[in-house]
>>> print(open('my_file-v1.tsv').read())   # TSV, C-alpha atoms
chain	number	residue	atom	x	y	z
A	1	MET	CA	2.18	20.35	40.34
A	2	ARG	CA	-0.25	21.10	43.19
A	3	VAL	CA	-3.42	19.03	43.17
A	4	ALA	CA	-6.57	20.80	44.24
A	5	VAL	CA	-8.46	18.94	46.93
A	6	PRO	CA	-11.97	19.91	48.09
A	7	SER	CA	-11.53	21.50	51.52
A	8	PRO	CA	-13.85	20.25	54.28
A	9	GLY	CA	-13.40	23.60	56.07
A	10	LYS	CA	-10.98	26.23	57.14
A	11	ARG	CA	-9.32	23.81	59.53
A	12	LEU	CA	-8.02	21.86	56.51
A	13	ALA	CA	-6.05	24.83	55.23
A	14	PRO	CA	-2.86	24.31	57.25
A	15	LEU	CA	-2.67	20.66	56.21
A	16	LEU	CA	-3.41	21.31	52.54
A	17	LYS	CA	-0.58	23.80	52.19
A	18	SER	CA	2.41	22.24	50.44
A	19	ARG	CA	5.98	23.26	50.70
A	20	THR	CA	7.43	25.45	47.98
A	21	PRO	CA	8.48	22.94	45.29
A	22	SER	CA	12.03	22.79	44.09
A	23	ALA	CA	13.05	21.96	40.57
A	24	ASN	CA	13.65	18.26	41.33
A	25	SER	CA	10.95	17.66	43.90
A	26	ILE	CA	7.49	16.20	43.52
A	27	VAL	CA	4.81	17.58	45.81
A	28	LYS	CA	2.38	14.97	47.06
A	29	PRO	CA	-1.17	16.12	47.70
A	30	VAL	CA	-2.74	15.70	51.14
A	31	SER	CA	-6.01	13.83	50.91
A	32	PRO	CA	-9.05	14.54	53.07
A	33	CYS	CA	-8.82	11.00	54.46
A	34	SER	CA	-5.28	11.67	55.63
A	35	TYR	CA	-6.43	14.87	57.29
A	36	PHE	CA	-9.26	13.17	59.16
A	37	ARG	CA	-6.89	10.39	60.31
A	38	GLN	CA	-4.58	13.05	61.75
A	39	LEU	CA	-7.54	14.81	63.33
A	40	LYS	CA	-8.75	11.56	64.86
A	41	HIS	CA	-5.30	10.83	66.30
A	42	ARG	CA	-5.12	14.35	67.68
A	43	GLU	CA	-8.52	14.07	69.34
A	44	THR	CA	-7.66	10.62	70.65
A	45	GLY	CA	-4.49	12.04	72.17
A	46	ARG	CA	-6.42	14.83	73.82
A	47	ALA	CA	-8.99	12.38	75.16
A	48	THR	CA	-6.20	10.19	76.57
A	49	ILE	CA	-4.60	13.17	78.32
A	50	ALA	CA	-7.98	14.26	79.67
A	51	ALA	CA	-8.65	10.73	80.96
A	52	LYS	CA	-5.27	10.61	82.71
A	53	CYS	CA	-5.88	14.02	84.28
A	54	ALA	CA	-9.30	12.85	85.47
A	55	VAL	CA	-7.77	9.79	87.14
A	56	VAL	CA	-5.13	11.92	88.88
A	57	CYS	CA	-7.72	14.48	89.97
A	58	LYS	CA	-9.96	11.76	91.38
A	59	LYS	CA	-7.16	10.10	93.35
A	60	LYS	CA	-5.56	13.28	94.64
A	61	TRP	CA	-8.61	15.49	95.15
A	62	THR	CA	-7.92	16.02	98.85
A	63	GLU	CA	-4.45	17.30	97.98
A	64	TYR	CA	-5.86	19.70	95.40
A	65	GLN	CA	-8.31	20.89	98.05
A	66	GLY	CA	-5.42	21.68	100.39
A	67	ILE	CA	-5.36	18.88	102.94
A	68	ASP	CA	-1.53	19.10	102.93
A	69	ASN	CA	-1.50	22.88	102.46
A	70	TRP	CA	-0.77	22.39	98.72
A	71	GLU	CA	2.74	21.19	99.52
A	72	GLY	CA	4.70	20.51	96.32
A	73	LEU	CA	1.88	21.73	94.06
A	74	LEU	CA	2.53	25.48	93.80
A	75	ASP	CA	6.16	25.90	92.77
A	76	PRO	CA	6.12	24.67	90.07
A	77	LEU	CA	2.37	24.95	89.66
A	78	ASP	CA	0.77	21.56	89.13
A	79	ASP	CA	-1.18	21.50	85.85
A	80	ASN	CA	-4.19	19.76	87.36
A	81	LEU	CA	-4.32	22.31	90.16
A	82	ARG	CA	-4.03	25.07	87.56
A	83	ARG	CA	-7.11	23.73	85.76
A	84	GLU	CA	-9.04	23.52	89.02
A	85	ILE	CA	-8.14	27.10	89.99
A	86	LEU	CA	-9.20	28.40	86.57
A	87	ARG	CA	-12.40	26.39	86.82
A	88	TYR	CA	-13.29	28.02	90.14
A	89	GLY	CA	-12.31	31.37	88.68
A	90	GLU	CA	-15.01	30.89	86.05
A	91	PHE	CA	-17.64	30.65	88.77
A	92	VAL	CA	-16.49	33.99	90.19
A	93	GLU	CA	-16.54	35.46	86.70
A	94	ALA	CA	-20.15	34.31	86.41
A	95	THR	CA	-21.08	36.45	89.41
A	96	TYR	CA	-19.73	39.56	87.70
A	97	ARG	CA	-21.46	38.79	84.42
A	98	SER	CA	-24.76	38.15	86.17
A	99	PHE	CA	-24.80	41.16	88.51
A	100	ASP	CA	-26.75	44.22	87.31
A	101	PHE	CA	-24.29	47.11	87.69
A	102	ASN	CA	-26.51	49.62	85.85
A	103	PRO	CA	-27.81	52.24	88.35
A	104	SER	CA	-30.61	53.25	85.99
A	105	SER	CA	-31.91	49.70	85.73
A	106	PRO	CA	-34.99	48.73	87.79
A	107	THR	CA	-33.14	45.51	88.70
A	108	TYR	CA	-29.95	47.24	89.87
A	109	GLY	CA	-28.14	45.26	92.54
A	110	THR	CA	-29.76	41.95	91.63
A	111	SER	CA	-28.95	39.03	89.35
A	112	LYS	CA	-29.87	39.48	85.70
A	113	HIS	CA	-30.46	35.76	85.29
A	114	PRO	CA	-32.64	33.15	87.01
A	115	LYS	CA	-30.99	30.33	88.95
A	116	SER	CA	-31.95	27.68	86.41
A	117	SER	CA	-29.97	29.30	83.59
A	118	LEU	CA	-27.41	31.53	85.31
A	119	LEU	CA	-24.31	29.51	84.48
A	120	ALA	CA	-25.29	28.98	80.84
A	121	ARG	CA	-26.30	32.61	80.31
A	122	ALA	CA	-23.09	33.76	81.98
A	123	GLY	CA	-21.19	31.83	79.31
A	124	ILE	CA	-20.18	28.84	81.45
A	125	ARG	CA	-21.65	25.70	79.94
A	126	GLU	CA	-21.46	22.01	80.76
A	127	THR	CA	-20.04	22.49	84.24
A	128	GLY	CA	-22.09	19.72	85.79
A	129	TYR	CA	-23.14	22.15	88.54
A	130	ARG	CA	-26.59	23.51	89.31
A	131	VAL	CA	-27.23	26.75	91.19
A	132	THR	CA	-29.31	25.97	94.28
A	133	ARG	CA	-29.34	29.25	96.21
A	134	TYR	CA	-28.75	32.94	95.60
A	135	LEU	CA	-26.73	34.91	98.13
A	136	HIS	CA	-27.42	38.47	99.26
A	137	ALA	CA	-25.32	40.72	101.50
A	138	THR	CA	-26.62	43.63	103.56
A	139	CYS	CA	-24.53	46.65	104.50
A	140	GLY	CA	-24.57	47.70	108.14
A	141	VAL	CA	-24.11	51.35	107.23
A	142	GLN	CA	-26.73	53.66	105.76
A	143	MET	CA	-26.62	56.94	103.92
A	144	PRO	CA	-26.75	59.89	106.38
A	145	HIS	CA	-29.95	61.93	106.61
A	146	TRP	CA	-28.30	64.96	105.03
A	147	ALA	CA	-27.74	62.85	101.89
A	148	SER	CA	-31.46	62.32	101.31
A	149	ASN	CA	-31.27	64.03	97.92
A	150	VAL	CA	-28.78	61.57	96.43
A	151	PRO	CA	-30.06	59.01	93.87
A	152	SER	CA	-31.81	56.04	95.45
A	153	TRP	CA	-29.35	53.51	94.03
A	154	MET	CA	-26.58	55.00	96.16
A	155	GLY	CA	-28.47	53.96	99.29
A	156	THR	CA	-28.99	50.32	98.24
A	157	ARG	CA	-28.24	48.27	101.36
A	158	SER	CA	-28.96	44.70	100.28
A	159	SER	CA	-27.72	43.32	96.98
A	160	TRP	CA	-27.08	40.04	95.20
A	161	ILE	CA	-23.50	38.95	95.80
A	162	GLY	CA	-23.21	35.39	94.54
A	163	PHE	CA	-24.61	31.88	94.58
A	164	VAL	CA	-24.28	28.33	95.84
A	165	ALA	CA	-23.93	25.63	93.17
A	166	VAL	CA	-23.90	21.85	93.67
A	167	CYS	CA	-22.27	19.37	91.32
A	168	LYS	CA	-25.02	17.03	90.17
A	169	ASP	CA	-23.53	15.49	87.04
A	170	GLY	CA	-22.44	11.88	87.53
A	171	ARG	CA	-19.47	12.12	85.17
A	172	GLU	CA	-18.15	15.27	86.82
A	173	ILE	CA	-18.60	13.76	90.28
A	174	SER	CA	-16.62	10.74	89.09
A	175	ARG	CA	-13.87	12.97	87.67
A	176	LEU	CA	-13.60	15.02	90.86
A	177	GLY	CA	-13.76	11.98	93.15
A	178	ARG	CA	-16.49	13.62	95.25
A	179	ARG	CA	-19.55	15.82	95.05
A	180	ASP	CA	-18.35	19.40	95.10
A	181	VAL	CA	-20.28	22.43	96.35
A	182	VAL	CA	-19.20	25.90	95.20
A	183	ILE	CA	-19.93	29.19	96.94
A	184	ALA	CA	-18.97	32.00	94.55
A	185	LEU	CA	-18.79	35.63	95.68
A	186	ARG	CA	-18.24	38.79	93.62
A	187	GLY	CA	-16.23	41.87	94.54
A	188	THR	CA	-17.48	45.33	95.49
A	189	GLY	CA	-20.43	46.50	93.40
A	190	THR	CA	-22.49	49.11	95.28
A	191	CYS	CA	-21.84	52.48	96.89
A	192	LEU	CA	-22.42	51.27	100.45
A	193	GLU	CA	-20.18	48.25	99.89
A	194	TRP	CA	-17.37	50.67	99.07
A	195	ILE	CA	-18.03	52.45	102.35
A	196	GLU	CA	-17.91	49.13	104.22
A	197	ASN	CA	-14.53	48.41	102.57
A	198	LEU	CA	-13.15	51.59	104.12
A	199	ARG	CA	-14.17	50.58	107.64
A	200	ALA	CA	-10.82	48.97	108.34
A	201	ASN	CA	-10.86	49.15	112.14
A	202	LEU	CA	-10.62	45.69	113.70
A	203	THR	CA	-13.52	44.27	115.67
A	204	CYS	CA	-13.81	41.11	117.76
A	205	VAL	CA	-15.09	37.91	116.25
A	206	GLY	CA	-16.21	34.78	118.07
A	207	GLY	CA	-13.56	32.41	119.34
A	208	ASP	CA	-11.65	31.26	122.38
A	209	GLY	CA	-10.63	34.78	123.28
A	210	ASP	CA	-12.38	36.85	125.93
A	211	GLY	CA	-13.46	39.47	123.40
A	212	GLY	CA	-10.70	41.85	124.43
A	213	ALA	CA	-7.94	43.36	122.38
A	214	GLU	CA	-5.90	40.13	122.57
A	215	GLY	CA	-8.64	38.04	120.96
A	216	PRO	CA	-9.33	37.26	117.29
A	217	MET	CA	-10.36	40.34	115.32
A	218	VAL	CA	-11.45	41.03	111.74
A	219	GLY	CA	-12.20	44.11	109.68
A	220	SER	CA	-15.45	45.67	110.89
A	221	GLY	CA	-16.66	46.42	107.37
A	222	TYR	CA	-16.26	42.79	106.23
A	223	LEU	CA	-17.94	41.45	109.35
A	224	SER	CA	-20.78	43.94	108.92
A	225	LEU	CA	-21.44	42.76	105.36
A	226	TYR	CA	-21.38	39.15	106.50
A	227	THR	CA	-23.67	39.45	109.52
A	228	SER	CA	-25.98	42.45	108.93
A	229	LYS	CA	-29.67	41.86	108.27
A	230	THR	CA	-32.89	43.83	107.95
A	231	ALA	CA	-36.53	43.06	108.68
A	232	THR	CA	-36.94	41.73	105.14
A	233	ASN	CA	-33.45	40.45	104.32
A	234	MET	CA	-31.52	37.61	105.92
A	235	SER	CA	-27.82	38.12	106.56
A	236	LEU	CA	-25.29	36.50	104.26
A	237	GLN	CA	-24.18	34.42	107.23
A	238	ASP	CA	-27.68	33.04	107.84
A	239	ILE	CA	-28.27	32.27	104.15
A	240	ILE	CA	-25.00	30.36	103.86
A	241	ARG	CA	-25.53	28.46	107.11
A	242	GLU	CA	-29.05	27.46	106.08
A	243	GLU	CA	-28.01	26.23	102.63
A	244	VAL	CA	-24.90	24.43	103.86
A	245	ALA	CA	-26.96	22.61	106.52
A	246	ARG	CA	-29.46	21.51	103.86
A	247	ILE	CA	-26.69	20.27	101.55
A	248	ILE	CA	-24.88	18.36	104.29
A	249	ASN	CA	-28.10	16.64	105.36
A	250	LYS	CA	-28.87	15.66	101.78
A	251	TYR	CA	-25.46	14.54	100.51
A	252	SER	CA	-23.42	13.54	103.58
A	253	ASP	CA	-23.59	9.83	102.68
A	254	ARG	CA	-20.94	10.29	99.95
A	255	PRO	CA	-17.61	12.19	99.78
A	256	LEU	CA	-18.39	15.90	99.80
A	257	SER	CA	-16.30	19.06	99.53
A	258	LEU	CA	-17.14	22.73	99.97
A	259	THR	CA	-15.14	25.21	97.87
A	260	ILE	CA	-15.63	28.91	98.60
A	261	THR	CA	-14.19	31.21	95.98
A	262	GLY	CA	-14.25	34.96	95.55
A	263	HIS	CA	-12.45	38.00	94.19
A	264	SER	CA	-11.54	41.17	96.10
A	265	LEU	CA	-14.32	41.81	98.65
A	266	GLY	CA	-15.69	38.37	97.78
A	267	ALA	CA	-12.35	36.84	98.78
A	268	ALA	CA	-12.56	38.47	102.22
A	269	LEU	CA	-16.14	37.23	102.68
A	270	ALA	CA	-15.05	33.76	101.51
A	271	ILE	CA	-12.54	33.57	104.37
A	272	LEU	CA	-15.16	34.64	106.92
A	273	SER	CA	-17.58	32.06	105.48
A	274	ALA	CA	-14.99	29.28	105.67
A	275	TYR	CA	-14.21	30.07	109.30
A	276	ASP	CA	-17.91	30.27	110.15
A	277	ILE	CA	-18.79	26.95	108.52
A	278	SER	CA	-15.79	25.05	109.86
A	279	SER	CA	-16.38	26.34	113.37
A	280	ASN	CA	-20.14	25.83	113.59
A	281	PHE	CA	-20.76	22.54	111.75
A	282	SER	CA	-19.41	19.50	113.53
A	283	ASN	CA	-20.16	17.40	110.42
A	284	ALA	CA	-18.77	19.92	107.94
A	285	PRO	CA	-17.04	18.48	104.86
A	286	MET	CA	-13.59	19.62	103.78
A	287	VAL	CA	-13.77	23.41	103.41
A	288	THR	CA	-11.44	25.13	100.94
A	289	VAL	CA	-11.06	28.78	99.97
A	290	ILE	CA	-9.71	29.83	96.57
A	291	SER	CA	-9.10	33.55	96.95
A	292	PHE	CA	-8.34	35.91	94.05
A	293	GLY	CA	-6.88	39.32	94.88
A	294	GLY	CA	-8.27	39.47	98.38
A	295	PRO	CA	-7.39	42.04	101.05
A	296	ARG	CA	-6.24	41.12	104.53
A	297	VAL	CA	-9.12	40.12	106.79
A	298	GLY	CA	-7.98	39.91	110.40
A	299	ASN	CA	-5.21	39.85	112.98
A	300	ARG	CA	-2.78	37.16	114.05
A	301	ALA	CA	-5.22	35.68	116.60
A	302	PHE	CA	-7.83	35.30	113.87
A	303	ARG	CA	-5.30	33.53	111.68
A	304	HIS	CA	-4.63	31.01	114.47
A	305	LEU	CA	-8.37	30.57	114.92
A	306	LEU	CA	-8.82	29.94	111.20
A	307	GLU	CA	-6.01	27.38	111.18
A	308	LYS	CA	-7.59	25.65	114.18
A	309	SER	CA	-10.91	25.41	112.32
A	310	LYS	CA	-9.17	23.23	109.66
A	311	ALA	CA	-10.34	25.42	106.77
A	312	ASN	CA	-7.85	25.38	103.88
A	313	VAL	CA	-7.08	28.75	102.30
A	314	LEU	CA	-5.20	29.33	99.04
A	315	ARG	CA	-4.60	33.05	98.47
A	316	ILE	CA	-3.70	33.93	94.89
A	317	VAL	CA	-1.84	37.24	94.99
A	318	ASN	CA	-0.56	39.56	92.28
A	319	SER	CA	2.51	41.27	93.75
A	320	ASP	CA	1.58	44.39	91.77
A	321	ASP	CA	-1.96	44.51	93.18
A	322	LEU	CA	-2.34	47.14	95.89
A	323	VAL	CA	-5.54	45.59	97.29
A	324	THR	CA	-3.65	42.53	98.53
A	325	LYS	CA	-1.41	44.80	100.64
A	326	VAL	CA	-4.21	46.43	102.64
A	327	PRO	CA	-5.48	46.99	105.27
A	328	GLY	CA	-2.47	47.25	107.57
A	329	LEU	CA	1.24	47.97	107.40
A	330	LYS	CA	2.63	44.45	107.22
A	331	ASP	CA	4.87	45.14	104.22
A	332	ASP	CA	6.29	48.23	105.93
A	333	VAL	CA	7.36	46.41	109.10
A	334	ALA	CA	10.78	45.55	107.66
A	335	ARG	CA	11.54	49.25	107.26
A	336	LEU	CA	10.62	50.15	110.84
A	337	PRO	CA	13.40	50.72	113.40
A	338	TRP	CA	14.37	47.41	114.98
A	339	LEU	CA	13.20	48.63	118.37
A	340	PHE	CA	9.59	48.84	117.19
A	341	ARG	CA	9.58	46.04	114.61
A	342	GLU	CA	8.87	43.10	116.91
A	343	SER	CA	6.16	44.89	118.86
A	344	ARG	CA	4.49	45.97	115.62
A	345	GLU	CA	4.51	42.47	114.10
A	346	HIS	CA	2.85	40.99	117.21
A	347	ALA	CA	0.44	43.83	117.92
A	348	PRO	CA	-3.12	42.48	118.35
A	349	SER	CA	-4.43	45.36	116.25
A	350	ALA	CA	-2.21	44.56	113.24
A	351	TYR	CA	-3.59	42.80	110.16
A	352	THR	CA	-1.84	39.68	108.92
A	353	ASP	CA	-2.15	37.34	105.94
A	354	VAL	CA	-3.83	33.95	106.24
A	355	GLY	CA	-3.51	30.64	104.42
A	356	ARG	CA	-1.06	29.50	101.73
A	357	GLU	CA	0.03	32.04	99.16
A	358	LEU	CA	0.49	31.64	95.40
A	359	ARG	CA	2.32	34.80	94.36
A	360	LEU	CA	2.22	35.99	90.75
A	361	SER	CA	3.33	39.16	88.96
A	362	SER	CA	1.53	41.01	86.18
A	363	ARG	CA	4.86	42.45	85.04
A	364	GLU	CA	5.86	39.00	83.84
A	365	CYS	CA	2.84	38.62	81.55
A	366	PRO	CA	3.50	39.51	77.87
A	367	TYR	CA	-0.23	39.71	77.12
A	368	LEU	CA	-1.02	42.69	79.35
A	369	SER	CA	-0.86	45.90	77.34
A	370	SER	CA	-0.63	48.06	80.47
A	371	VAL	CA	0.16	47.55	84.13
A	372	ASN	CA	-1.75	49.93	86.39
A	373	LEU	CA	-3.70	49.80	89.64
A	374	ALA	CA	-6.95	48.81	87.89
A	375	THR	CA	-5.67	46.09	85.59
A	376	CYS	CA	-3.47	44.57	88.30
A	377	HIS	CA	-6.55	43.92	90.43
A	378	GLU	CA	-9.00	42.69	87.78
A	379	LEU	CA	-10.07	39.08	87.89
A	380	LYS	CA	-9.21	38.60	84.22
A	381	THR	CA	-5.61	39.55	85.01
A	382	TYR	CA	-5.43	36.91	87.73
A	383	LEU	CA	-6.80	34.22	85.43
A	384	GLN	CA	-4.32	35.20	82.73
A	385	LEU	CA	-1.42	35.00	85.17
A	386	ILE	CA	-2.54	31.61	86.50
A	387	SER	CA	-2.83	30.28	82.95
A	388	GLY	CA	0.78	31.15	82.21
A	389	PHE	CA	2.56	30.76	85.55
A	390	VAL	CA	5.13	27.96	85.73
A	391	SER	CA	7.29	28.55	88.80
A	392	SER	CA	9.14	31.27	90.68
A	393	LYS	CA	12.15	30.64	88.42
A	394	CYS	CA	10.06	30.67	85.24
A	395	PRO	CA	7.20	33.13	85.88
A	396	PHE	CA	5.43	32.77	82.54
A	397	ARG	CA	5.41	29.87	80.12
A	398	ALA	CA	5.95	30.58	76.43
A	399	THR	CA	3.08	28.32	75.37
A	400	ALA	CA	0.44	30.15	77.37
A	401	LYS	CA	-2.40	31.60	75.33
A	402	LYS	CA	-4.40	34.70	76.03
A	403	VAL	CA	-7.37	33.35	77.92
A	404	LEU	CA	-9.82	36.22	77.88
A	405	ASN	CA	-11.11	38.77	75.40
A	406	VAL	CA	-12.23	42.16	76.62
A	407	ASN	CA	-15.49	42.82	74.86
A	408	ASN	CA	-17.90	44.71	77.07
A	409	SER	CA	-18.24	48.04	78.77
A	410	ARG	CA	-17.02	46.89	82.19
A	411	SER	CA	-13.95	45.11	80.78
A	412	ARG	CA	-15.40	41.86	82.11
A	413	ASP	CA	-14.38	39.03	79.87
A	414	LYS	CA	-16.41	36.44	78.06
A	415	GLY	CA	-13.79	34.13	76.60
A	416	GLN	CA	-12.80	30.61	77.56
A	417	TYR	CA	-9.71	29.72	79.54
A	418	LEU	CA	-7.18	27.86	77.44
A	419	ASN	CA	-4.17	25.81	78.53
>>> encode(input="my_file-v1.tsv", output="structure tokens")
Amino acid sequence: MRVAVPSPGKRLAPLLKSRTPSANSIVKPVSPCSYFRQLKHRETGRATIAAKCAVVCKKKWTEYQGIDNWEGLLDPLDDNLRREILRYGEFVEATYRSFDFNPSSPTYGTSKHPKSSLLARAGIRETGYRVTRYLHATCGVQMPHWASNVPSWMGTRSSWIGFVAVCKDGREISRLGRRDVVIALRGTGTCLEWIENLRANLTCVGGDGDGGAEGPMVGSGYLSLYTSKTATNMSLQDIIREEVARIINKYSDRPLSLTITGHSLGAALAILSAYDISSNFSNAPMVTVISFGGPRVGNRAFRHLLEKSKANVLRIVNSDDLVTKVPGLKDDVARLPWLFRESREHAPSAYTDVGRELRLSSRECPYLSSVNLATCHELKTYLQLISGFVSSKCPFRATAKKVLNVNNSRSRDKGQYLN
């Protein structure tokens, strides 16, 4: 006989179900008290695991920020590092959710939310971080005069591209082992930004070189977006330098870290920002880049310059994402005749990858309904792959849960990341 027990909620249902009784068996009812004891033990277990993870994160935070180039943490992927990567991915997701993509909107190209409530209104609550500065990027190109009849939104030069957020919660600072500063940057969002992306010719960037072809070089479109300004708009470079200087002066008495994270175009700008900060601030804290689906940024000389600046770069790459293979012909070098291969690999005008790579594959994910150029590059795909990746020998763990739900017109996701 099954005894009816008042259910305290839907969560009781699995525990109140009894096995199918046999002829000689007696089914014992599950009491609410028993359920709550199990629930308490479960929550206690989760709290214990969370506490252990917090202790590990606090003790090893410099390793998670790349001081040893993430040696031994990527294959297999360390669970604490996985959580940190997903956490930074949420900040990038907040930039997409907050940016006004609607060309007919009077606020097109700006943030839809004020600084004080951006993270909460973007669906990211209780982070312990507070947004302290908005970031804007200005395109160095303009619409030609013959295109004067095109809609005004197509000629938007300066637009909101991200934010700076400082960890100000005591408990989160204790968990991290330091005060963390996040610079989050979105991907391409305006017409002129797309044009800048296509300007793939390499141009010289500051360094030890003489400015000639043998010196460090980066994509001219990326550098233009980072350094261009107008009479009324500061450059992204100047905004970041000004805010970083303020933060260092205010918080340099305690351990401090600077994490720059971005997706696509934002990933390229994150690398330029990391190099700029590390090279121009003698008192700069540890600078780390968490890059999602970023293109190549510069040549081999620039890579050496970036390594010399001590900036740590973790590039998260989907092997099925075309964006991570451009600009340049690096992946085609192996197919060149041997006579030209060496000269091509060392050519000063050739793009090359930077930093440490975490390579994933969307073809290994059972939750993706389709694998095409668009889905392979989306941020939600990267976060899904990170959630499930185990190692190169076991690309996707069976216990991984789908982390995001597509529920808006731009296929930007508003779910929570589960492990």
>>> residues_around(input="my_file-v1.tsv", residues="Lys229 (chain A)", least_positions_apart="3", cutoff="12 Å", atoms="all atoms listed in the file", output="list in words")
His136, Ala137, Thr138, Cys139, Gly140, Val141, Arg157, Ser158, Ser159, Leu223, Ser224, Leu225, Tyr226, Thr232, Asn233, Met234, Ser235, Leu236, Gln237, Asp238 and Ile239 of chain A
>>> residues_around(input="my_file-v1.tsv", residues="region 104-117 of chain A", least_positions_apart="2", cutoff="10 Å", atoms="only C-alpha atoms", output="number ranges by chain")
A: 95-102, 119-122, 125, 130-136, 151-153, 156-165, 189-190
>>> atom_distance(input="my_file-v1.tsv", atom1="CA of Ala184 (chain A)", atom2="CA of Gly262 (chain A)")
5.7 Å
>>> closest_residue(input="my_file-v1.tsv", among="A:Val313, A:Ile386, A:Leu373, A:Arg359", to="Asp68 (chain A)", atoms="only C-alpha atoms")
A:Val313
>>> closest_residue(input="my_file-v1.tsv", among="A:Tyr251, A:Tyr222, A:Tyr129, A:Phe389", to="Asp75 (chain A)", atoms="all atoms listed in the file")
A:Phe389
>>> decode(input="my_file-v1.tsv", residues="region 118-134 of chain A", atoms="N, CA and C atoms", output="PDB file, in the first residue's frame")
ATOM      1  N   LEU A 118      24.082  47.263 -15.124  1.00  0.00           N
ATOM      2  CA  LEU A 118      24.331  46.513 -16.358  1.00  0.00           C
ATOM      3  C   LEU A 118      24.431  45.012 -16.113  1.00  0.00           C
ATOM      4  N   LEU A 119      25.227  44.592 -15.172  1.00  0.00           N
ATOM      5  CA  LEU A 119      25.430  43.163 -14.966  1.00  0.00           C
ATOM      6  C   LEU A 119      24.138  42.474 -14.548  1.00  0.00           C
ATOM      7  N   ALA A 120      23.393  43.090 -13.656  1.00  0.00           N
ATOM      8  CA  ALA A 120      22.132  42.493 -13.203  1.00  0.00           C
ATOM      9  C   ALA A 120      21.119  42.439 -14.340  1.00  0.00           C
ATOM     10  N   ARG A 121      21.000  43.503 -15.113  1.00  0.00           N
ATOM     11  CA  ARG A 121      20.016  43.543 -16.194  1.00  0.00           C
ATOM     12  C   ARG A 121      20.437  42.689 -17.374  1.00  0.00           C
ATOM     13  N   ALA A 122      21.722  42.359 -17.448  1.00  0.00           N
ATOM     14  CA  ALA A 122      22.201  41.446 -18.479  1.00  0.00           C
ATOM     15  C   ALA A 122      22.063  39.993 -18.044  1.00  0.00           C
ATOM     16  N   GLY A 123      21.503  39.780 -16.857  1.00  0.00           N
ATOM     17  CA  GLY A 123      21.261  38.428 -16.376  1.00  0.00           C
ATOM     18  C   GLY A 123      22.404  37.816 -15.604  1.00  0.00           C
ATOM     19  N   ILE A 124      23.389  38.621 -15.204  1.00  0.00           N
ATOM     20  CA  ILE A 124      24.529  38.108 -14.441  1.00  0.00           C
ATOM     21  C   ILE A 124      24.473  38.726 -13.049  1.00  0.00           C
ATOM     22  N   ARG A 125      24.024  37.971 -12.092  1.00  0.00           N
ATOM     23  CA  ARG A 125      23.808  38.503 -10.745  1.00  0.00           C
ATOM     24  C   ARG A 125      24.853  37.966  -9.774  1.00  0.00           C
ATOM     25  N   GLU A 126      25.046  38.716  -8.711  1.00  0.00           N
ATOM     26  CA  GLU A 126      25.900  38.306  -7.596  1.00  0.00           C
ATOM     27  C   GLU A 126      27.314  37.935  -8.057  1.00  0.00           C
ATOM     28  N   THR A 127      27.872  38.751  -8.915  1.00  0.00           N
ATOM     29  CA  THR A 127      29.245  38.509  -9.361  1.00  0.00           C
ATOM     30  C   THR A 127      30.272  39.067  -8.387  1.00  0.00           C
ATOM     31  N   GLY A 128      29.874  40.057  -7.610  1.00  0.00           N
ATOM     32  CA  GLY A 128      30.827  40.736  -6.748  1.00  0.00           C
ATOM     33  C   GLY A 128      31.584  41.849  -7.461  1.00  0.00           C
ATOM     34  N   TYR A 129      31.303  42.028  -8.760  1.00  0.00           N
ATOM     35  CA  TYR A 129      31.968  43.059  -9.552  1.00  0.00           C
ATOM     36  C   TYR A 129      31.043  44.252  -9.760  1.00  0.00           C
ATOM     37  N   ARG A 130      31.663  45.412  -9.947  1.00  0.00           N
ATOM     38  CA  ARG A 130      30.921  46.636 -10.236  1.00  0.00           C
ATOM     39  C   ARG A 130      31.541  47.311 -11.458  1.00  0.00           C
ATOM     40  N   VAL A 131      30.688  47.649 -12.424  1.00  0.00           N
ATOM     41  CA  VAL A 131      31.173  48.315 -13.635  1.00  0.00           C
ATOM     42  C   VAL A 131      31.597  49.729 -13.285  1.00  0.00           C
ATOM     43  N   THR A 132      32.834  50.086 -13.649  1.00  0.00           N
ATOM     44  CA  THR A 132      33.375  51.400 -13.306  1.00  0.00           C
ATOM     45  C   THR A 132      33.581  52.310 -14.513  1.00  0.00           C
ATOM     46  N   ARG A 133      33.620  51.722 -15.718  1.00  0.00           N
ATOM     47  CA  ARG A 133      33.866  52.548 -16.899  1.00  0.00           C
ATOM     48  C   ARG A 133      33.310  51.848 -18.142  1.00  0.00           C
ATOM     49  N   TYR A 134      32.679  52.633 -18.999  1.00  0.00           N
ATOM     50  CA  TYR A 134      32.245  52.129 -20.293  1.00  0.00           C
ATOM     51  C   TYR A 134      33.350  52.369 -21.317  1.00  0.00           C
TER      52      TYR A 134
END
